[in-house]
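Asker: Dropping the structure in here first, questions after.
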Amino acid sequence: NGLQNYLIRLPQKINHNNLIPTHYDLFLYVKEQQESFDASVTITFHKNEDDSKVCLNFHPNISILSIIQNGIPLKYDSDYELLTIYRAT
């Protein structure tokens, strides 16, 4: 079931009914003869309730250079497998 898989992937610390992904864009920049690569991800989602942050699953091997929303850099924290992104103030 697609919805069940979606709920399993969301971090347990968030309200599953509040954050509904609607679209993903993933761009990979593969460098020949290198094991690493650069990537850009855009996630569009619908929030049912207003909140000052978003929590997402996060693999500790991923390095984040920046998080930008509508041209505004956002603050974020990564705690092992949980990425918390704070709304711009």
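For the structure tokens, the naming scheme is as follows: chains receive sequential letters (A, B, ...) according to their order of presentation, residues are indexed from 1 within each chain, and ligands are indexed from 1 in presentation order.
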Determine which residues of chain A receive a DSSP assignment of helix (DSSP H, G or I), computed from the backbone, and state them as a ChimeraX atom specification.
Answerer: /A:2-9
Asker: Store the residues picked out above, limited to N, CA and C atoms, as an mmCIF file, in the first residue's frame.
Answerer:
data_model
loop_
_atom_site.group_PDB
_atom_site.id
_atom_site.type_symbol
_atom_site.label_atom_id
_atom_site.label_comp_id
_atom_site.auth_asym_id
_atom_site.auth_seq_id
_atom_site.Cartn_x
_atom_site.Cartn_y
_atom_site.Cartn_z
ATOM 1 N N GLY A 2 0.694 2.140 -0.948
ATOM 2 C CA GLY A 2 1.523 3.334 -1.068
ATOM 3 C C GLY A 2 1.449 4.227 0.148
ATOM 4 N N LEU A 3 0.253 4.453 0.690
ATOM 5 C CA LEU A 3 0.107 5.304 1.867
ATOM 6 C C LEU A 3 0.826 4.703 3.057
ATOM 7 N N GLN A 4 0.729 3.398 3.243
ATOM 8 C CA GLN A 4 1.404 2.746 4.361
ATOM 9 C C GLN A 4 2.919 2.909 4.241
ATOM 10 N N ASN A 5 3.481 2.737 3.033
ATOM 11 C CA ASN A 5 4.919 2.936 2.833
ATOM 12 C C ASN A 5 5.313 4.373 3.125
ATOM 13 N N TYR A 6 4.477 5.339 2.740
ATOM 14 C CA TYR A 6 4.739 6.750 3.004
ATOM 15 C C TYR A 6 4.802 7.001 4.510
ATOM 16 N N LEU A 7 3.852 6.455 5.257
ATOM 17 C CA LEU A 7 3.823 6.685 6.699
ATOM 18 C C LEU A 7 5.023 6.057 7.395
ATOM 19 N N ILE A 8 5.503 4.925 6.905
ATOM 20 C CA ILE A 8 6.667 4.280 7.508
ATOM 21 C C ILE A 8 7.918 5.130 7.306
ATOM 22 N N ARG A 9 8.056 5.802 6.148
ATOM 23 C CA ARG A 9 9.249 6.574 5.847
ATOM 24 C C ARG A 9 9.311 7.891 6.597
#
Asker: Please provide as a PyMOL selection string all residues within 7 Å of range 35-45 of chain A, with the sequence filter that same-chain residues fewer than 4 positions apart are discarded (counting only C-alpha atoms).
Answerer: chain A and resi 19-31
Asker: Could the residues in this selection be saved with all heavy atoms as an mmCIF file, in the first residue's frame?
Answerer:
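The resulting file, part.cif, is reproduced below:
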data_model
loop_
_atom_site.group_PDB
_atom_site.id
_atom_site.type_symbol
_atom_site.label_atom_id
_atom_site.label_comp_id
_atom_site.auth_asym_id
_atom_site.auth_seq_id
_atom_site.Cartn_x
_atom_site.Cartn_y
_atom_site.Cartn_z
ATOM 1 N N LEU A 19 1.850 16.541 7.260
ATOM 2 C CA LEU A 19 2.787 16.729 6.154
ATOM 3 C C LEU A 19 2.514 15.696 5.063
ATOM 4 O O LEU A 19 2.736 14.511 5.256
ATOM 5 C CB LEU A 19 4.216 16.567 6.685
ATOM 6 C CG LEU A 19 5.345 16.771 5.713
ATOM 7 C CD1 LEU A 19 5.375 18.211 5.224
ATOM 8 C CD2 LEU A 19 6.667 16.422 6.375
ATOM 9 N N ILE A 20 2.051 16.157 3.909
ATOM 10 C CA ILE A 20 1.719 15.259 2.800
ATOM 11 C C ILE A 20 2.548 15.664 1.578
ATOM 12 O O ILE A 20 2.284 16.708 0.976
ATOM 13 C CB ILE A 20 0.218 15.327 2.445
ATOM 14 C CG1 ILE A 20 -0.662 15.138 3.673
ATOM 15 C CG2 ILE A 20 -0.112 14.329 1.337
ATOM 16 C CD1 ILE A 20 -0.539 13.789 4.336
ATOM 17 N N PRO A 21 3.585 14.868 1.204
ATOM 18 C CA PRO A 21 4.362 15.196 0.001
ATOM 19 C C PRO A 21 3.474 15.093 -1.246
ATOM 20 O O PRO A 21 2.676 14.172 -1.374
ATOM 21 C CB PRO A 21 5.455 14.133 -0.041
ATOM 22 C CG PRO A 21 5.430 13.461 1.282
ATOM 23 C CD PRO A 21 4.074 13.675 1.868
ATOM 24 N N THR A 22 3.619 16.075 -2.140
ATOM 25 C CA THR A 22 2.833 16.065 -3.375
ATOM 26 C C THR A 22 3.702 15.949 -4.616
ATOM 27 O O THR A 22 3.201 15.563 -5.673
ATOM 28 C CB THR A 22 1.966 17.333 -3.477
ATOM 29 O OG1 THR A 22 2.811 18.485 -3.429
ATOM 30 C CG2 THR A 22 0.950 17.383 -2.346
ATOM 31 N N HIS A 23 4.996 16.278 -4.514
ATOM 32 C CA HIS A 23 5.865 16.214 -5.694
ATOM 33 C C HIS A 23 7.335 16.226 -5.262
ATOM 34 O O HIS A 23 7.702 16.923 -4.325
ATOM 35 C CB HIS A 23 5.600 17.407 -6.606
ATOM 36 C CG HIS A 23 6.343 17.355 -7.898
ATOM 37 N ND1 HIS A 23 5.924 16.583 -8.958
ATOM 38 C CD2 HIS A 23 7.488 17.947 -8.289
ATOM 39 C CE1 HIS A 23 6.778 16.731 -9.950
ATOM 40 N NE2 HIS A 23 7.733 17.546 -9.567
ATOM 41 N N TYR A 24 8.155 15.447 -5.969
ATOM 42 C CA TYR A 24 9.597 15.417 -5.739
ATOM 43 C C TYR A 24 10.312 15.689 -7.066
ATOM 44 O O TYR A 24 9.931 15.138 -8.098
ATOM 45 C CB TYR A 24 10.059 14.031 -5.273
ATOM 46 C CG TYR A 24 9.586 13.619 -3.911
ATOM 47 C CD1 TYR A 24 8.368 12.972 -3.739
ATOM 48 C CD2 TYR A 24 10.369 13.842 -2.785
ATOM 49 C CE1 TYR A 24 7.935 12.563 -2.494
ATOM 50 C CE2 TYR A 24 9.939 13.438 -1.537
ATOM 51 C CZ TYR A 24 8.723 12.801 -1.394
ATOM 52 O OH TYR A 24 8.302 12.408 -0.160
ATOM 53 N N ASP A 25 11.336 16.512 -7.047
ATOM 54 C CA ASP A 25 12.264 16.677 -8.168
ATOM 55 C C ASP A 25 13.643 16.335 -7.645
ATOM 56 O O ASP A 25 14.090 16.918 -6.649
ATOM 57 C CB ASP A 25 12.288 18.111 -8.696
ATOM 58 C CG ASP A 25 11.107 18.441 -9.567
ATOM 59 O OD1 ASP A 25 10.686 17.563 -10.345
ATOM 60 O OD2 ASP A 25 10.604 19.574 -9.475
ATOM 61 N N LEU A 26 14.311 15.406 -8.291
ATOM 62 C CA LEU A 26 15.649 14.987 -7.879
ATOM 63 C C LEU A 26 16.589 15.120 -9.070
ATOM 64 O O LEU A 26 16.326 14.576 -10.137
ATOM 65 C CB LEU A 26 15.634 13.536 -7.389
ATOM 66 C CG LEU A 26 16.984 12.902 -7.087
ATOM 67 C CD1 LEU A 26 17.678 13.617 -5.936
ATOM 68 C CD2 LEU A 26 16.808 11.425 -6.772
ATOM 69 N N PHE A 27 17.665 15.870 -8.883
ATOM 70 C CA PHE A 27 18.685 16.029 -9.915
ATOM 71 C C PHE A 27 20.000 15.493 -9.370
ATOM 72 O O PHE A 27 20.449 15.913 -8.309
ATOM 73 C CB PHE A 27 18.843 17.496 -10.311
ATOM 74 C CG PHE A 27 17.614 18.075 -10.922
ATOM 75 C CD1 PHE A 27 16.717 18.788 -10.151
ATOM 76 C CD2 PHE A 27 17.337 17.897 -12.268
ATOM 77 C CE1 PHE A 27 15.567 19.324 -10.702
ATOM 78 C CE2 PHE A 27 16.188 18.425 -12.830
ATOM 79 C CZ PHE A 27 15.304 19.138 -12.046
ATOM 80 N N LEU A 28 20.616 14.565 -10.076
ATOM 81 C CA LEU A 28 21.898 13.993 -9.686
ATOM 82 C C LEU A 28 22.981 14.506 -10.627
ATOM 83 O O LEU A 28 22.802 14.505 -11.841
ATOM 84 C CB LEU A 28 21.856 12.466 -9.740
ATOM 85 C CG LEU A 28 20.841 11.795 -8.832
ATOM 86 C CD1 LEU A 28 20.833 10.301 -9.071
ATOM 87 C CD2 LEU A 28 21.129 12.110 -7.384
ATOM 88 N N TYR A 29 24.086 14.924 -10.054
ATOM 89 C CA TYR A 29 25.231 15.395 -10.823
ATOM 90 C C TYR A 29 26.360 14.397 -10.593
ATOM 91 O O TYR A 29 27.105 14.501 -9.616
ATOM 92 C CB TYR A 29 25.634 16.800 -10.384
ATOM 93 C CG TYR A 29 24.480 17.765 -10.409
ATOM 94 C CD1 TYR A 29 23.795 18.089 -9.237
ATOM 95 C CD2 TYR A 29 24.056 18.333 -11.606
ATOM 96 C CE1 TYR A 29 22.729 18.972 -9.257
ATOM 97 C CE2 TYR A 29 22.993 19.214 -11.630
ATOM 98 C CZ TYR A 29 22.338 19.527 -10.454
ATOM 99 O OH TYR A 29 21.273 20.395 -10.478
ATOM 100 N N VAL A 30 26.454 13.433 -11.487
ATOM 101 C CA VAL A 30 27.407 12.340 -11.338
ATOM 102 C C VAL A 30 28.754 12.769 -11.926
ATOM 103 O O VAL A 30 28.820 13.301 -13.033
ATOM 104 C CB VAL A 30 26.902 11.065 -12.053
ATOM 105 C CG1 VAL A 30 27.893 9.932 -11.910
ATOM 106 C CG2 VAL A 30 25.533 10.671 -11.496
ATOM 107 N N LYS A 31 29.805 12.542 -11.147
ATOM 108 C CA LYS A 31 31.158 12.865 -11.586
ATOM 109 C C LYS A 31 31.849 11.575 -12.000
ATOM 110 O O LYS A 31 31.913 10.632 -11.217
ATOM 111 C CB LYS A 31 31.925 13.544 -10.455
ATOM 112 C CG LYS A 31 31.263 14.806 -9.963
ATOM 113 C CD LYS A 31 31.949 15.320 -8.724
ATOM 114 C CE LYS A 31 31.179 16.486 -8.141
ATOM 115 N NZ LYS A 31 31.729 16.912 -6.862
#
Asker: Please compute the CA of Ile64 in chain A-CA of Gln33 in chain A distance, one decimal, in Å.
Answerer: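 CA of Gln33 in chain A lies 22.1 Å from CA of Ile64 in chain A.
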Asker: What is the CA of Asp50 in chain A to CA of Leu74 in chain A distance in Å?
Answerer: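 CA of Leu74 in chain A lies at a distance of 16.7 Å from CA of Asp50 in chain A.
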Asker: How many Å separate CA of Leu56 in chain A from CA of Asp79 in chain A?
Answerer: 10.7 Å
Asker: If you run DSSP on the backbone here, which positions in chain A get strand (DSSP E or B)? Please write them as a PyMOL selection string.
Answerer: chain A and resi 19-30+37-47+53-57+68-69+72-73+76-79+82-86
